[in-house]
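Shown here: input.pdb, PDB, C-alpha atoms.
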```pdb
ATOM      1  CA  MET F   1      50.284  22.838  49.944  1.00  0.00           C
ATOM      2  CA  GLN F   2      51.137  19.710  51.786  1.00  0.00           C
ATOM      3  CA  ASP F   3      51.206  16.382  49.906  1.00  0.00           C
ATOM      4  CA  VAL F   4      48.514  14.090  51.282  1.00  0.00           C
ATOM      5  CA  TRP F   5      50.340  11.074  49.888  1.00  0.00           C
ATOM      6  CA  PRO F   6      53.877  11.408  51.321  1.00  0.00           C
ATOM      7  CA  HIS F   7      54.831   7.794  50.446  1.00  0.00           C
ATOM      8  CA  ARG F   8      53.759   8.093  46.831  1.00  0.00           C
ATOM      9  CA  ASN F   9      57.204   9.118  45.470  1.00  0.00           C
ATOM     10  CA  ARG F  10      59.004   6.472  47.515  1.00  0.00           C
ATOM     11  CA  GLY F  11      56.716   3.767  46.081  1.00  0.00           C
ATOM     12  CA  TRP F  12      57.578   4.661  42.498  1.00  0.00           C
ATOM     13  CA  LYS F  13      61.260   4.872  43.287  1.00  0.00           C
ATOM     14  CA  THR F  14      61.163   1.475  44.985  1.00  0.00           C
ATOM     15  CA  LEU F  15      59.247  -0.031  42.065  1.00  0.00           C
ATOM     16  CA  LEU F  16      61.713   1.497  39.575  1.00  0.00           C
ATOM     17  CA  ARG F  17      64.688   0.169  41.579  1.00  0.00           C
ATOM     18  CA  LEU F  18      63.086  -3.303  41.725  1.00  0.00           C
ATOM     19  CA  PHE F  19      62.485  -3.227  37.961  1.00  0.00           C
ATOM     20  CA  GLN F  20      66.141  -2.284  37.345  1.00  0.00           C
ATOM     21  CA  GLN F  21      67.350  -5.122  39.573  1.00  0.00           C
ATOM     22  CA  VAL F  22      65.131  -7.638  37.790  1.00  0.00           C
ATOM     23  CA  ALA F  23      66.435  -6.380  34.429  1.00  0.00           C
ATOM     24  CA  VAL F  24      70.045  -6.811  35.576  1.00  0.00           C
ATOM     25  CA  VAL F  25      69.374 -10.351  36.855  1.00  0.00           C
ATOM     26  CA  CYS F  26      67.630 -11.296  33.596  1.00  0.00           C
ATOM     27  CA  SER F  27      70.509  -9.873  31.549  1.00  0.00           C
ATOM     28  CA  LEU F  28      73.071 -11.828  33.561  1.00  0.00           C
ATOM     29  CA  ALA F  29      71.040 -15.028  33.245  1.00  0.00           C
ATOM     30  CA  ALA F  30      70.709 -14.588  29.479  1.00  0.00           C
ATOM     31  CA  ALA F  31      74.443 -13.914  29.157  1.00  0.00           C
ATOM     32  CA  GLY F  32      75.193 -17.040  31.178  1.00  0.00           C
ATOM     33  CA  LEU F  33      72.960 -19.171  28.980  1.00  0.00           C
ATOM     34  CA  ALA F  34      74.522 -17.744  25.828  1.00  0.00           C
ATOM     35  CA  ALA F  35      78.009 -18.460  27.141  1.00  0.00           C
ATOM     36  CA  ALA F  36      77.024 -21.982  28.188  1.00  0.00           C
ATOM     37  CA  HIS F  37      75.836 -22.860  24.667  1.00  0.00           C
ATOM     38  CA  ARG F  38      78.666 -24.175  22.544  1.00  0.00           C
ATOM     39  CA  ALA F  39      78.752 -25.621  19.103  1.00  0.00           C
ATOM     40  CA  PRO F  40      79.477 -29.348  19.036  1.00  0.00           C
ATOM     41  CA  GLY F  41      82.977 -30.131  17.890  1.00  0.00           C
ATOM     42  CA  SER F  42      85.859 -32.525  18.240  1.00  0.00           C
ATOM     43  CA  LEU F  43      89.604 -32.075  18.281  1.00  0.00           C
ATOM     44  CA  SER F  44      91.933 -34.742  16.947  1.00  0.00           C
ATOM     45  CA  THR F  45      95.704 -34.550  17.224  1.00  0.00           C
ATOM     46  CA  VAL F  46      98.088 -36.554  15.071  1.00  0.00           C
ATOM     47  CA  GLU F  47     101.725 -36.707  16.159  1.00  0.00           C
ATOM     48  CA  TYR F  48     104.739 -38.934  15.616  1.00  0.00           C
ATOM     49  CA  ASN F  49     106.281 -40.550  18.712  1.00  0.00           C
ATOM     50  CA  SER F  50     109.921 -41.353  18.018  1.00  0.00           C
ATOM     51  CA  SER F  51     110.368 -43.385  21.214  1.00  0.00           C
ATOM     52  CA  ASN F  52     108.205 -46.214  19.880  1.00  0.00           C
ATOM     53  CA  ASP F  53     108.138 -45.333  16.139  1.00  0.00           C
ATOM     54  CA  THR F  54     104.372 -44.804  16.017  1.00  0.00           C
ATOM     55  CA  THR F  55     102.079 -42.053  14.890  1.00  0.00           C
ATOM     56  CA  GLU F  56      99.624 -41.404  17.714  1.00  0.00           C
ATOM     57  CA  ILE F  57      96.128 -40.050  17.219  1.00  0.00           C
ATOM     58  CA  VAL F  58      94.039 -38.674  20.068  1.00  0.00           C
ATOM     59  CA  HIS F  59      90.408 -37.692  19.513  1.00  0.00           C
ATOM     60  CA  ARG F  60      88.802 -35.419  22.123  1.00  0.00           C
ATOM     61  CA  LEU F  61      85.004 -35.303  22.261  1.00  0.00           C
ATOM     62  CA  HIS F  62      82.869 -33.509  24.827  1.00  0.00           C
ATOM     63  CA  SER F  63      81.323 -36.269  26.945  1.00  0.00           C
ATOM     64  CA  HIS F  64      77.750 -34.970  26.582  1.00  0.00           C
ATOM     65  CA  ASP F  65      78.085 -34.786  22.779  1.00  0.00           C
ATOM     66  CA  ALA F  66      79.604 -38.278  22.690  1.00  0.00           C
ATOM     67  CA  GLU F  67      76.827 -39.804  24.794  1.00  0.00           C
ATOM     68  CA  LEU F  68      74.009 -38.087  22.946  1.00  0.00           C
ATOM     69  CA  GLY F  69      75.419 -38.356  19.423  1.00  0.00           C
ATOM     70  CA  VAL F  70      76.832 -41.871  19.543  1.00  0.00           C
ATOM     71  CA  GLY F  71      73.875 -43.098  21.599  1.00  0.00           C
ATOM     72  CA  THR F  72      71.490 -41.731  18.966  1.00  0.00           C
ATOM     73  CA  MET F  73      73.422 -43.115  16.008  1.00  0.00           C
ATOM     74  CA  LEU F  74      73.777 -46.568  17.608  1.00  0.00           C
ATOM     75  CA  GLU F  75      70.225 -46.468  18.991  1.00  0.00           C
ATOM     76  CA  GLN F  76      71.505 -46.808  22.562  1.00  0.00           C
ATOM     77  CA  ALA F  77      69.649 -44.184  24.569  1.00  0.00           C
ATOM     78  CA  ASP F  78      71.332 -45.291  27.809  1.00  0.00           C
ATOM     79  CA  LEU F  79      74.922 -45.015  26.495  1.00  0.00           C
ATOM     80  CA  SER F  80      77.144 -43.567  29.236  1.00  0.00           C
ATOM     81  CA  VAL F  81      80.749 -42.412  29.159  1.00  0.00           C
ATOM     82  CA  LEU F  82      80.966 -43.488  32.797  1.00  0.00           C
ATOM     83  CA  THR F  83      80.970 -47.176  31.866  1.00  0.00           C
ATOM     84  CA  LEU F  84      83.718 -49.161  30.171  1.00  0.00           C
ATOM     85  CA  GLU F  85      81.165 -50.519  27.721  1.00  0.00           C
ATOM     86  CA  GLY F  86      79.971 -47.000  26.839  1.00  0.00           C
ATOM     87  CA  ARG F  87      83.514 -45.782  26.166  1.00  0.00           C
ATOM     88  CA  ALA F  88      84.167 -48.901  24.077  1.00  0.00           C
ATOM     89  CA  TRP F  89      81.113 -48.173  21.889  1.00  0.00           C
ATOM     90  CA  ILE F  90      82.265 -44.573  21.477  1.00  0.00           C
ATOM     91  CA  ALA F  91      85.783 -45.722  20.517  1.00  0.00           C
ATOM     92  CA  LEU F  92      84.412 -48.155  17.924  1.00  0.00           C
ATOM     93  CA  TYR F  93      82.180 -45.405  16.534  1.00  0.00           C
ATOM     94  CA  VAL F  94      85.169 -43.024  16.230  1.00  0.00           C
ATOM     95  CA  GLU F  95      87.285 -45.736  14.599  1.00  0.00           C
ATOM     96  CA  GLU F  96      84.704 -46.093  11.801  1.00  0.00           C
ATOM     97  CA  ARG F  97      84.476 -42.342  11.175  1.00  0.00           C
ATOM     98  CA  PHE F  98      88.123 -41.244  11.110  1.00  0.00           C
ATOM     99  CA  GLN F  99      90.356 -42.301   8.229  1.00  0.00           C
ATOM    100  CA  ILE F 100      93.744 -41.436   6.811  1.00  0.00           C
ATOM    101  CA  GLU F 101      94.809 -42.454   3.315  1.00  0.00           C
ATOM    102  CA  SER F 102      98.040 -42.140   1.375  1.00  0.00           C
ATOM    103  CA  GLU F 103      98.449 -42.396  -2.374  1.00  0.00           C
ATOM    104  CA  GLU F 104      98.739 -46.179  -1.887  1.00  0.00           C
ATOM    105  CA  GLY F 105      95.430 -46.477  -0.022  1.00  0.00           C
ATOM    106  CA  PRO F 106      94.085 -46.488   3.571  1.00  0.00           C
ATOM    107  CA  LEU F 107      96.637 -46.363   6.376  1.00  0.00           C
ATOM    108  CA  PRO F 108      96.206 -49.098   9.007  1.00  0.00           C
ATOM    109  CA  LEU F 109      95.054 -47.310  12.170  1.00  0.00           C
ATOM    110  CA  SER F 110      94.800 -49.432  15.306  1.00  0.00           C
ATOM    111  CA  LEU F 111      92.317 -48.635  18.039  1.00  0.00           C
ATOM    112  CA  VAL F 112      94.154 -48.419  21.372  1.00  0.00           C
ATOM    113  CA  GLY F 113      91.322 -47.462  23.735  1.00  0.00           C
ATOM    114  CA  ALA F 114      89.356 -44.661  25.344  1.00  0.00           C
ATOM    115  CA  GLU F 115      89.216 -42.897  28.673  1.00  0.00           C
ATOM    116  CA  LEU F 116      87.269 -40.184  30.427  1.00  0.00           C
ATOM    117  CA  ALA F 117      89.210 -37.009  31.282  1.00  0.00           C
ATOM    118  CA  ALA F 118      87.112 -34.357  33.050  1.00  0.00           C
ATOM    119  CA  ASP F 119      84.316 -33.389  30.614  1.00  0.00           C
ATOM    120  CA  TYR F 120      85.897 -35.166  27.648  1.00  0.00           C
ATOM    121  CA  VAL F 121      86.190 -38.640  26.210  1.00  0.00           C
ATOM    122  CA  LEU F 122      89.615 -39.317  24.737  1.00  0.00           C
ATOM    123  CA  VAL F 123      89.852 -42.002  22.052  1.00  0.00           C
ATOM    124  CA  TYR F 124      93.310 -43.272  21.116  1.00  0.00           C
ATOM    125  CA  GLN F 125      94.495 -44.702  17.801  1.00  0.00           C
ATOM    126  CA  GLU F 126      97.963 -45.351  16.408  1.00  0.00           C
ATOM    127  CA  MET F 127      99.820 -46.599  13.379  1.00  0.00           C
ATOM    128  CA  GLN F 128     103.349 -47.890  12.956  1.00  0.00           C
ATOM    129  CA  GLY F 129     105.892 -45.447  11.574  1.00  0.00           C
ATOM    130  CA  ARG F 130     105.592 -41.893  10.329  1.00  0.00           C
ATOM    131  CA  LEU F 131     102.863 -40.370   8.210  1.00  0.00           C
ATOM    132  CA  PRO F 132     103.616 -40.215   4.493  1.00  0.00           C
ATOM    133  CA  GLU F 133     104.409 -36.755   3.127  1.00  0.00           C
ATOM    134  CA  VAL F 134     100.990 -36.454   1.458  1.00  0.00           C
ATOM    135  CA  ILE F 135      97.854 -37.786   3.120  1.00  0.00           C
ATOM    136  CA  ASP F 136      94.110 -37.393   2.795  1.00  0.00           C
ATOM    137  CA  VAL F 137      92.104 -37.236   6.017  1.00  0.00           C
ATOM    138  CA  ARG F 138      88.408 -37.793   6.586  1.00  0.00           C
ATOM    139  CA  ASP F 139      86.850 -36.884   9.943  1.00  0.00           C
ATOM    140  CA  ASP F 140      83.138 -37.639  10.162  1.00  0.00           C
ATOM    141  CA  ILE F 141      83.049 -37.970  13.963  1.00  0.00           C
ATOM    142  CA  LEU F 142      79.565 -36.959  15.205  1.00  0.00           C
ATOM    143  CA  ARG F 143      78.790 -35.185  11.925  1.00  0.00           C
ATOM    144  CA  ASP F 144      76.026 -37.712  11.250  1.00  0.00           C
ATOM    145  CA  ALA F 145      74.440 -36.837  14.611  1.00  0.00           C
ATOM    146  CA  PHE F 146      74.994 -33.059  14.652  1.00  0.00           C
ATOM    147  CA  PRO F 147      74.816 -31.176  11.320  1.00  0.00           C
ATOM    148  CA  GLU F 148      76.554 -28.154  12.917  1.00  0.00           C
ATOM    149  CA  GLN F 149      79.478 -30.294  14.149  1.00  0.00           C
ATOM    150  CA  ILE F 150      82.938 -28.824  13.507  1.00  0.00           C
ATOM    151  CA  ASN F 151      85.906 -31.179  13.622  1.00  0.00           C
ATOM    152  CA  GLN F 152      89.489 -29.992  13.789  1.00  0.00           C
ATOM    153  CA  VAL F 153      92.470 -32.234  13.102  1.00  0.00           C
ATOM    154  CA  ASN F 154      95.843 -30.876  14.236  1.00  0.00           C
ATOM    155  CA  ILE F 155      98.790 -32.576  12.581  1.00  0.00           C
ATOM    156  CA  ASN F 156     102.125 -32.036  14.306  1.00  0.00           C
ATOM    157  CA  THR F 157     105.130 -32.826  12.153  1.00  0.00           C
ATOM    158  CA  ASP F 158     108.559 -31.869  13.424  1.00  0.00           C
ATOM    159  CA  GLY F 159     107.175 -29.306  15.869  1.00  0.00           C
ATOM    160  CA  ARG F 160     105.025 -27.588  13.261  1.00  0.00           C
ATOM    161  CA  VAL F 161     101.267 -27.865  13.782  1.00  0.00           C
ATOM    162  CA  ARG F 162      98.802 -27.427  10.946  1.00  0.00           C
ATOM    163  CA  SER F 163      95.054 -27.835  11.144  1.00  0.00           C
ATOM    164  CA  LEU F 164      92.415 -29.352   8.925  1.00  0.00           C
ATOM    165  CA  MET F 165      88.826 -28.230   9.552  1.00  0.00           C
ATOM    166  CA  PHE F 166      85.760 -30.294   8.715  1.00  0.00           C
ATOM    167  CA  THR F 167      82.367 -28.594   8.546  1.00  0.00           C
ATOM    168  CA  ASN F 168      79.087 -29.087   6.720  1.00  0.00           C
ATOM    169  CA  SER F 169      79.609 -31.517   3.845  1.00  0.00           C
ATOM    170  CA  ASP F 170      83.436 -31.589   3.864  1.00  0.00           C
ATOM    171  CA  GLU F 171      84.705 -35.053   3.098  1.00  0.00           C
ATOM    172  CA  TRP F 172      88.404 -35.548   2.427  1.00  0.00           C
ATOM    173  CA  ARG F 173      91.028 -32.902   3.205  1.00  0.00           C
ATOM    174  CA  ARG F 174      94.562 -33.158   1.862  1.00  0.00           C
ATOM    175  CA  TYR F 175      97.599 -32.585   4.035  1.00  0.00           C
ATOM    176  CA  VAL F 176     101.009 -32.043   2.490  1.00  0.00           C
ATOM    177  CA  GLY F 177     103.853 -32.400   4.999  1.00  0.00           C
ATOM    178  CA  SER F 178     106.788 -30.059   5.331  1.00  0.00           C
ATOM    179  CA  ALA F 179     106.772 -29.225   1.609  1.00  0.00           C
ATOM    180  CA  GLY F 180     103.385 -27.511   1.592  1.00  0.00           C
ATOM    181  CA  GLY F 181     100.068 -26.847   3.245  1.00  0.00           C
ATOM    182  CA  GLU F 182      96.606 -28.344   3.166  1.00  0.00           C
ATOM    183  CA  SER F 183      93.882 -28.203   0.616  1.00  0.00           C
ATOM    184  CA  ALA F 184      90.612 -29.923  -0.108  1.00  0.00           C
ATOM    185  CA  ALA F 185      91.141 -33.151  -1.978  1.00  0.00           C
ATOM    186  CA  PRO F 186      89.312 -33.499  -5.296  1.00  0.00           C
TER     187      PRO F 186
END
```
Could you quickly redo this structure as structure tokens?
Amino acid sequence: MQDVWPHRNRGWKTLLRLFQQVAVVCSLAAAGLAAAHRAPGSLSTVEYNSSNDTTEIVHRLHSHDAELGVGTMLEQADLSVLTLEGRAWIALYVEERFQIESEEGPLPLSLVGAELAADYVLVYQEMQGRLPEVIDVRDDILRDAFPEQINQVNINTDGRVRSLMFTNSDEWRRYVGSAGGESAAP
């Protein structure tokens, strides 16, 4: 018997193929969105510069996080990393939320400045001389704005890099130079 609807099978096949293509596109879009989402975080590096006898500190913040977080905390909704004034506010904010102490008390960190580098704001601080052997570090950068913020501080002493991580309610972390490792300060 001859099929009176010869296009019937082609219609279902076309519809099935279209459904598969839509599913693939949706899967790729979802994967792209998942990959685009990143947890807020900052990276700070601490390193001695023998050419000018200073310890240099560089804080790297994603520009969007810096604008949104610092703008919210300072109640400046129009804060922009594209302006000198915006970067200055971000640098002052970072200066208040990053501290290093020795057994004798707070180390005098000087704010040097800030600049925009691609998608990041770099904030520069320094102190005269080398770090003491034992220090306590506190990194609260953007943690008041973003509860899920993760801050990493890399300390480079004599070519050896060790990291301190700050998450959740972490406050002070202890760093012991070449003689030992790091631990949470009491």
- request: Name the residues in contact with Ser169 of chain F at a cut-off of 9 Å, using all atoms listed in the file, excluding same-chain residues fewer than 3 positions from it; report them as an MDAnalysis selection string.
  value: chainID F and resid 143 147 166
task: Find the residues with any atom within 10 Å of (84.0, -23.1, 14.9); use all atoms listed in the file and the coordinates as given in the file, and write the answer as a list in words.
output: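 Answer for this query, in the requested form: Arg38, Ala39, Pro40, Gly41, Glu148, Gln149, Ile150, Asn151, Gln152, Met165, Phe166 and Thr167 of chain F.
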statement: Using all atoms listed in the file, the shortest atom-to-atom distance to Leu74 of chain F among F:Leu164, F:Ser110, F:Leu142, F:Ser42 belongs to F:Leu142
field: Test item: the PyMOL selection byres ((chain F and resi 111) around 10) resolved as a list in words
entry: Ile57, Ala91, Leu92, Val94, Glu95, Pro108, Leu109, Ser110, Val112, Gly113, Ala114, Val123, Tyr124, Gln125, Glu126 and Met127 of chain F
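Shortest separation to Leu43 of chain F among F:Ser102, F:Ser80, F:Gln128, F:Asn154 occurs at residue F:Asn154, atoms counted being all atoms listed in the file.
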message: With all atoms listed in the file as the counted atoms, please give the residues lying no more than 10 Å from Leu79 of chain F, apart from itself and same-chain residues fewer than 6 positions off, as a list in words.
response: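 Residues near the query, excluding close chain neighbours: Ala66, Glu67, Leu68, Gly69, Val70, Gly71, Thr72, Glu85, Gly86, Arg87, Trp89 and Ile90 of chain F.
Checking F:Asp139, F:Asp158, F:Glu133, F:Asp144 one by one against Gly177 of chain F, counting all atoms listed in the file, you find the shortest gap at F:Glu133.
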